[in-house]
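Student: Quick one: the structure is below, and I'll ask about it shortly.
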Amino acid sequence: MGKALVLEDVRKSYGGREAVKGISFEVDEGEIFGLIGPNGAGKTTTLRMICTLLKVGSGTIKVYGHDVMGESTAVRNVISYLPEDAGAYREMTGRAYLKFVAGFFADGREAEAMAERGIGMSGLDERIDSKVETYSKGMRRRLLIARAMMSRPKLAVMDEITSGLDVMNAYEIREMVGSIARSGTTVLISSHNMYEVESLCSRVAMINHGEIVLSGTPAELKEEAGASNLEEVFVRAVRSQ
Amino acid sequence: MNHLANITLKELKDLFTPSAVATLFVLVVVFASLGTALRGADEGYSEDEDFGVAYAGDPDGRIAAGGIEFTVRDMMVAGYIANHGGVTPEEARKHVIFTDASDEDGIFDWMEDNGMRYAVGAPDADRLRGGISKERMPFRTYYIFENGGILGSGNSSVPASIVAGASAYVSALLIKAGMGSDAPAAVRSPFYADNGDARTRVNGEAQDAEPGAIASALAKNSMVIPIIITFVIMMVGSMVISSIGSEKENKTLETLLTMPVRRTTVISGKLLAATLFGLFYGAVFMVGMKVYTNGIMDGSGDVDLASLGLSMGAGDWALLFILLFLAIFTALGICMILGAFTKNYKTAQTMTTPIAFLAFVPMIVFMITSWGALPGIARGIMFAIPFSHPMMAINNLMFGDYATVFAGIVYLTILDALLMYATVKIYKSDILVTGLSQSEGATRFGSVFAGKWRRGDEDR
């Protein structure tokens with residue numbers, strides 16, 4: 001199995017403060033990989049570097065063999081990023097928003113087909129022609145996941161995908177992510193929800209103070225820590241730091 | 001602490017931020033400096049300025065009429081003193097200059113040669129002898145129009161009050177001599193400045209109008225254009241900053257920047273759309289304001305500016321359009337840079353202050369005066385402010401000051417290129433995503449320009 005994502009000794013500083021301190025991990029093609037850690041641990045910074053939003057301080061990040069620094073356009077062609085609490089253009093309808101985004105990945109009929117695929121994935125039915133500002137948080141999240149997946153990215157990077165959603169919406173979003181991975185897309189998610197990580201991810205890395213402190217499958221991590229769930233693993237790891 | 005005080009204190013802390021206080025301080029200092037610098041624009045306008053008298057005869061020759069004796073020089077010097085409080089007779093004599101030129105062109109040429117803006121044509125000796133105490137006699141007024149806007153283009157009250165002073169001098173002599181008359185008005189006020197028959201030389205051509213009327217006619221443009229440009233700059237600038245602030249708040253910008261599109265394309269798209277909107281907005285505003293000012297200034301439009309060469313040809317309009325385009329682009333460049341440092345829609349609103357300031361200062365200045373009338377320091381300040389250039393362009397183009405117009409185009413082009421370079425640099429940096437909150441101030445800000453990508457960043 002090939003590597004979808006490889007990070008080697010990645011560092012990032014904001015001025016004099018080192019936010020990411022030499023982390024390394026790999027994500028296999030087709031897996032759902034979870035990046036967990038407390039607030040301010042460096043998760044979002046890491047995701048932003050992977051998605052070409054921030055410069056890599058030192059070390060290397062390769063997405064399907066493409067270096068994020070030297071080949072950022074090639075990286076952007078194969079990834080899709082969904083930031084935490086992301087929104088869409090409020091004055092656009094859901095359909096117009098998906099068409100707008102499709103225009104960056106394809107032209108003409110291909111773009112039309114991509115937007116239609118996104119409309120279908122969103123499950124918004126007739127509300128797809130309503131303005132985004134009228135959507136509930138769950139509807140907006142479905143639209144954004146559809147936007148992220150309609151281009152059939154090789155790697156989907158999602159930050160706190162169910163943050164702030166009710167039980168039903170969170171369940172549906174998790175179902176969507178599971179289905180995305182089954183279709184062959186590699187998924188990298190960051191989350192505080194340990195249940196979500198345990199139920200979705202095949203492997204997990206825990207980051208704290210900018211360093212990877214644990215990594216493995218949820219089962220391996222629980223066994224190593226002698227814990228009954230991932231939440232306990234997380235709490236013990238943080239307290240021991 | 002009661003609830004009201006608690007809330008009020010919190011709100012005051014929100015409002016009196018260091019940046020808000022600093023902005024206010026800078027505003028006061030700059031306006032105060034500008035006021036001092038502009039003083040020269042209307043000083044020298046009546047103080048210590050030479051005044052011309054065209055008199056076909058010897059100004060020191062004695063005129064005996066109506067039971068009194070006087071010289072035309074004494075009479076006019078008295079008028080000058082009456083109009084310039086505190087001036088000594090010796091100083092006044094230096095400033096009242098006589099010519100025996102009698103034809104209009106000769107008088108205007110003499111005025112220009114001697115740097116005078118005001119002159120009157122006095123009645124000749126025979127007329128004075130025959131008319132004193134019998135009729136009120138007119139002094140024809142002559143003006144050299146200076147491109148000084150409302151503030152410094154010339155004031156028809158200057159010759160009127162000097163002639164009134166001269167008239168009072170002769171009247172006093174008549175009354176002292178116990179002169180009665182069948183025409184009391186001719187004793188109380190023997191002379192008057194006939195501004196209804198005023199002649200003004202503008203751009204080498206004489207016009208039947210006093211300078212105030214010409215300045216009013218010019219003001220239709222000189223007042224409208226600065227207002228329009230200020231509105232356009234503020235509107236477009238505010239839109240761009242708010243748009244970026246809103247995109248950051250909704251994280252749509254973060255999403256957009258991870259799509260297969262270069263950051264320079266994102267910047268160019270935003271700039272182009274806002275520039276086109278600004279030009280459209282400006283054109284609509286220009287038509288509306290033109291109709292509006294034609295309405296409110298109707299009545300001052302009896303001066304034929306075109307006959308004086310004070311009109312705009314197609315080439316002039318093209319130059320104005322280029323300046324307007326460049327100025328809008330400058331505003332957008334500044335706003336794009338400021339927008340990069342915003343966190344959200346709310347902070348974006350406060351970022352428009354520098355743009356508003358840069359637009360308001362030249363707007364006020366060019367509504368009351370013109371580039372030609374500005375003293376040196378004020379000229380330097382106005383030239384440096386990018387939005388001055390389209391504001392003063394119409395006036396400069398009408399008066400043939402193409403050097404300033406072209407210098408403005410070159411300046412704005414260089415400035416826009418620098419702003420574009422800085423914008424691209426900033427938008428390629430981390431600051432666009434992180435803002436300055438995660439920075440270490442100047443070190444980090446400086447690194448945007450000093451630092452290069454560790455490896456190639458050509459794809460960005």
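Every chain in the structure tokens takes a letter, A first, then B, and so on in the order presented; its residues are numbered from 1, and the ligands are numbered from 1 following the presented order.
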Contacts from chain A to chain B, 6 Å maximum, only C-alpha atoms: show me the residue list as a ChimeraX atom specification.
Tutor: /A:14-15,54,70,72-73,76-77,86-88
Student: Report as a ChimeraX atom specification all protein, DNA and RNA residues lying within 8 Å of segment 111-123 of chain A, evaluated on only C-alpha atoms, omitting residues in the same chain fewer than 3 positions from it.
Tutor: /A:95,98-99,102-103,105-108,128,142-143,145-147,149-151
Student: At a cut-off of 9 Å, using only C-alpha atoms, what residues contact Val77 of chain B? Leave out same-chain residues fewer than 3 positions from it and give the result as a list in words.
Tutor: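 Returned residues: Val72, Arg73, Asp74, Tyr80, Ile81, Ala82, Pro89, Ala92, Arg93, His95, Val96, Ile162, Gly165 and Ala166 of chain B.
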Student: What's around Ile355 of chain B at 9 Å? Count only C-alpha atoms, leave out sequence neighbours fewer than 6 positions away in its own chain, and write the answer as a list of chain:residue names.
Tutor: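 The residues satisfying every condition are B:Ile233, B:Met234, B:Gly237, B:Ser238, B:Ala331, B:Ile334, B:Cys335.
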Student: The selected residues should be written to file as a PDB file, in the first residue's frame (atoms: all heavy atoms).
Tutor:
ATOM      1  N   ILE B 233     -13.292  56.037  -3.321  1.00  0.00           N
ATOM      2  CA  ILE B 233     -12.170  55.436  -2.594  1.00  0.00           C
ATOM      3  C   ILE B 233     -12.670  54.758  -1.313  1.00  0.00           C
ATOM      4  O   ILE B 233     -12.321  53.618  -1.016  1.00  0.00           O
ATOM      5  CB  ILE B 233     -11.123  56.514  -2.215  1.00  0.00           C
ATOM      6  CG1 ILE B 233     -10.538  57.186  -3.455  1.00  0.00           C
ATOM      7  CG2 ILE B 233     -10.041  55.950  -1.299  1.00  0.00           C
ATOM      8  CD1 ILE B 233      -9.552  56.458  -4.235  1.00  0.00           C
ATOM      9  N   MET B 234     -13.481  55.487  -0.565  1.00  0.00           N
ATOM     10  CA  MET B 234     -13.945  54.939   0.716  1.00  0.00           C
ATOM     11  C   MET B 234     -14.869  53.747   0.513  1.00  0.00           C
ATOM     12  O   MET B 234     -14.798  52.753   1.228  1.00  0.00           O
ATOM     13  CB  MET B 234     -14.643  56.031   1.524  1.00  0.00           C
ATOM     14  CG  MET B 234     -13.647  57.038   2.062  1.00  0.00           C
ATOM     15  SD  MET B 234     -14.403  58.280   3.079  1.00  0.00           S
ATOM     16  CE  MET B 234     -15.106  57.277   4.372  1.00  0.00           C
ATOM     17  N   GLY B 237     -12.726  50.840  -1.001  1.00  0.00           N
ATOM     18  CA  GLY B 237     -11.785  50.376   0.012  1.00  0.00           C
ATOM     19  C   GLY B 237     -12.484  49.617   1.121  1.00  0.00           C
ATOM     20  O   GLY B 237     -12.048  48.534   1.530  1.00  0.00           O
ATOM     21  N   SER B 238     -13.574  50.179   1.586  1.00  0.00           N
ATOM     22  CA  SER B 238     -14.330  49.526   2.655  1.00  0.00           C
ATOM     23  C   SER B 238     -14.839  48.161   2.205  1.00  0.00           C
ATOM     24  O   SER B 238     -14.812  47.188   2.960  1.00  0.00           O
ATOM     25  CB  SER B 238     -15.490  50.439   3.054  1.00  0.00           C
ATOM     26  OG  SER B 238     -16.371  49.761   3.884  1.00  0.00           O
ATOM     27  N   ALA B 331      -5.861  52.642  -3.727  1.00  0.00           N
ATOM     28  CA  ALA B 331      -6.729  52.419  -2.559  1.00  0.00           C
ATOM     29  C   ALA B 331      -6.919  50.928  -2.318  1.00  0.00           C
ATOM     30  O   ALA B 331      -6.853  50.451  -1.179  1.00  0.00           O
ATOM     31  CB  ALA B 331      -8.083  53.093  -2.794  1.00  0.00           C
ATOM     32  N   ILE B 334      -3.758  49.320  -0.892  1.00  0.00           N
ATOM     33  CA  ILE B 334      -3.622  49.596   0.544  1.00  0.00           C
ATOM     34  C   ILE B 334      -4.627  48.746   1.333  1.00  0.00           C
ATOM     35  O   ILE B 334      -4.292  48.155   2.361  1.00  0.00           O
ATOM     36  CB  ILE B 334      -3.844  51.105   0.829  1.00  0.00           C
ATOM     37  CG1 ILE B 334      -2.723  51.931   0.187  1.00  0.00           C
ATOM     38  CG2 ILE B 334      -3.892  51.374   2.324  1.00  0.00           C
ATOM     39  CD1 ILE B 334      -2.966  53.434   0.201  1.00  0.00           C
ATOM     40  N   CYS B 335      -5.852  48.687   0.815  1.00  0.00           N
ATOM     41  CA  CYS B 335      -6.902  47.936   1.528  1.00  0.00           C
ATOM     42  C   CYS B 335      -6.617  46.433   1.537  1.00  0.00           C
ATOM     43  O   CYS B 335      -6.927  45.747   2.512  1.00  0.00           O
ATOM     44  CB  CYS B 335      -8.266  48.211   0.897  1.00  0.00           C
ATOM     45  SG  CYS B 335      -8.821  49.874   1.225  1.00  0.00           S
TER      46      CYS B 335
END
Student: Need the shell around Phe383 of chain B: protein/DNA/RNA residues with any atom at most 10 Å away, counting only C-alpha atoms. Skip same-chain ones fewer than 2 positions apart. Format as a PyMOL selection string?
Tutor: chain B and resi 362+371+377-381+385-389+392+404+407-408+411
Student: Rank B:Phe321, B:Ala193, B:Tyr55, B:Val410 by their smallest atom-to-atom distance to Ala283 of chain B, using only C-alpha atoms, and report the top residue only.
Tutor: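 Smallest distance to Ala283 of chain B is found for B:Phe321.
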Student: I need the residue nearest Met235 of chain B from this list: B:Ala274, B:Ala78, B:Leu412, B:Leu24. Use only C-alpha atoms for the distance.
Tutor: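 Residue with the minimum atom-to-atom distance to Met235 of chain B: B:Ala274.
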Student: Please indicate the distance in Å from atom CA of Gly282 of chain B to atom CA of Gly315 of chain B, rounded to one decimal place.
Tutor: 18.7 Å
Student: Could you tell me, as a count of residues only, which residues of segment 328-380 of chain B DSSP assigns to helix (DSSP H, G or I) when given the backbone?
Tutor: 43
Student: Do you know which residues are at most 8 Å from segment 158-164 of chain A counting only C-alpha atoms, after dropping those on the same chain fewer than 4 positions away, and could you put them as number ranges by chain?
Tutor: A: 44, 47, 81-85, 141, 169-170, 173-174, 187-192
Student: Identify which of the residues A:Val157, A:Val78, A:Val132, A:Arg152 lies closest to Arg48 of chain A, counting only C-alpha atoms when measuring atom-to-atom distances.
Tutor: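 Among A:Val157, A:Val78, A:Val132, A:Arg152, it is A:Val157 that comes nearest to Arg48 of chain A.
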Student: Just the residues within 6 Å of Val204 of chain A, please, counting only C-alpha atoms, with nothing from its chain fewer than 3 positions along; format it as a list in words.
Tutor: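 In the requested format, the answer is Phe33, Gly34, Leu35, Ser215, Gly216 and Thr217 of chain A.
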Student: What is the atom CA of Gly57 of chain B to atom CA of Gly121 of chain B distance in Å?
Tutor: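 Computing the Euclidean distance for atom CA of Gly57 of chain B and atom CA of Gly121 of chain B yields 11.7 Å.
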Student: Looking at only C-alpha atoms, which of B:Thr230, B:Thr88, B:Asn395, B:Thr141 is the one that sits closest to Leu310 of chain B?
Tutor: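 Looking at the shortest contact to Leu310 of chain B, the residue is B:Asn395.
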Student: Pick from A:Ile79, A:Ile32, A:Leu214, A:Val6: nearest to Ser183 of chain A, with only C-alpha atoms counted?
Tutor: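 Of A:Ile79, A:Ile32, A:Leu214, A:Val6, the one nearest Ser183 of chain A is A:Ile32, counting only C-alpha atoms.
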Student: In Å, rounded to a single decimal, give me how far atom CA of Ile63 of chain B is from atom CA of Ser189 of chain B.
Tutor: 17.3 Å
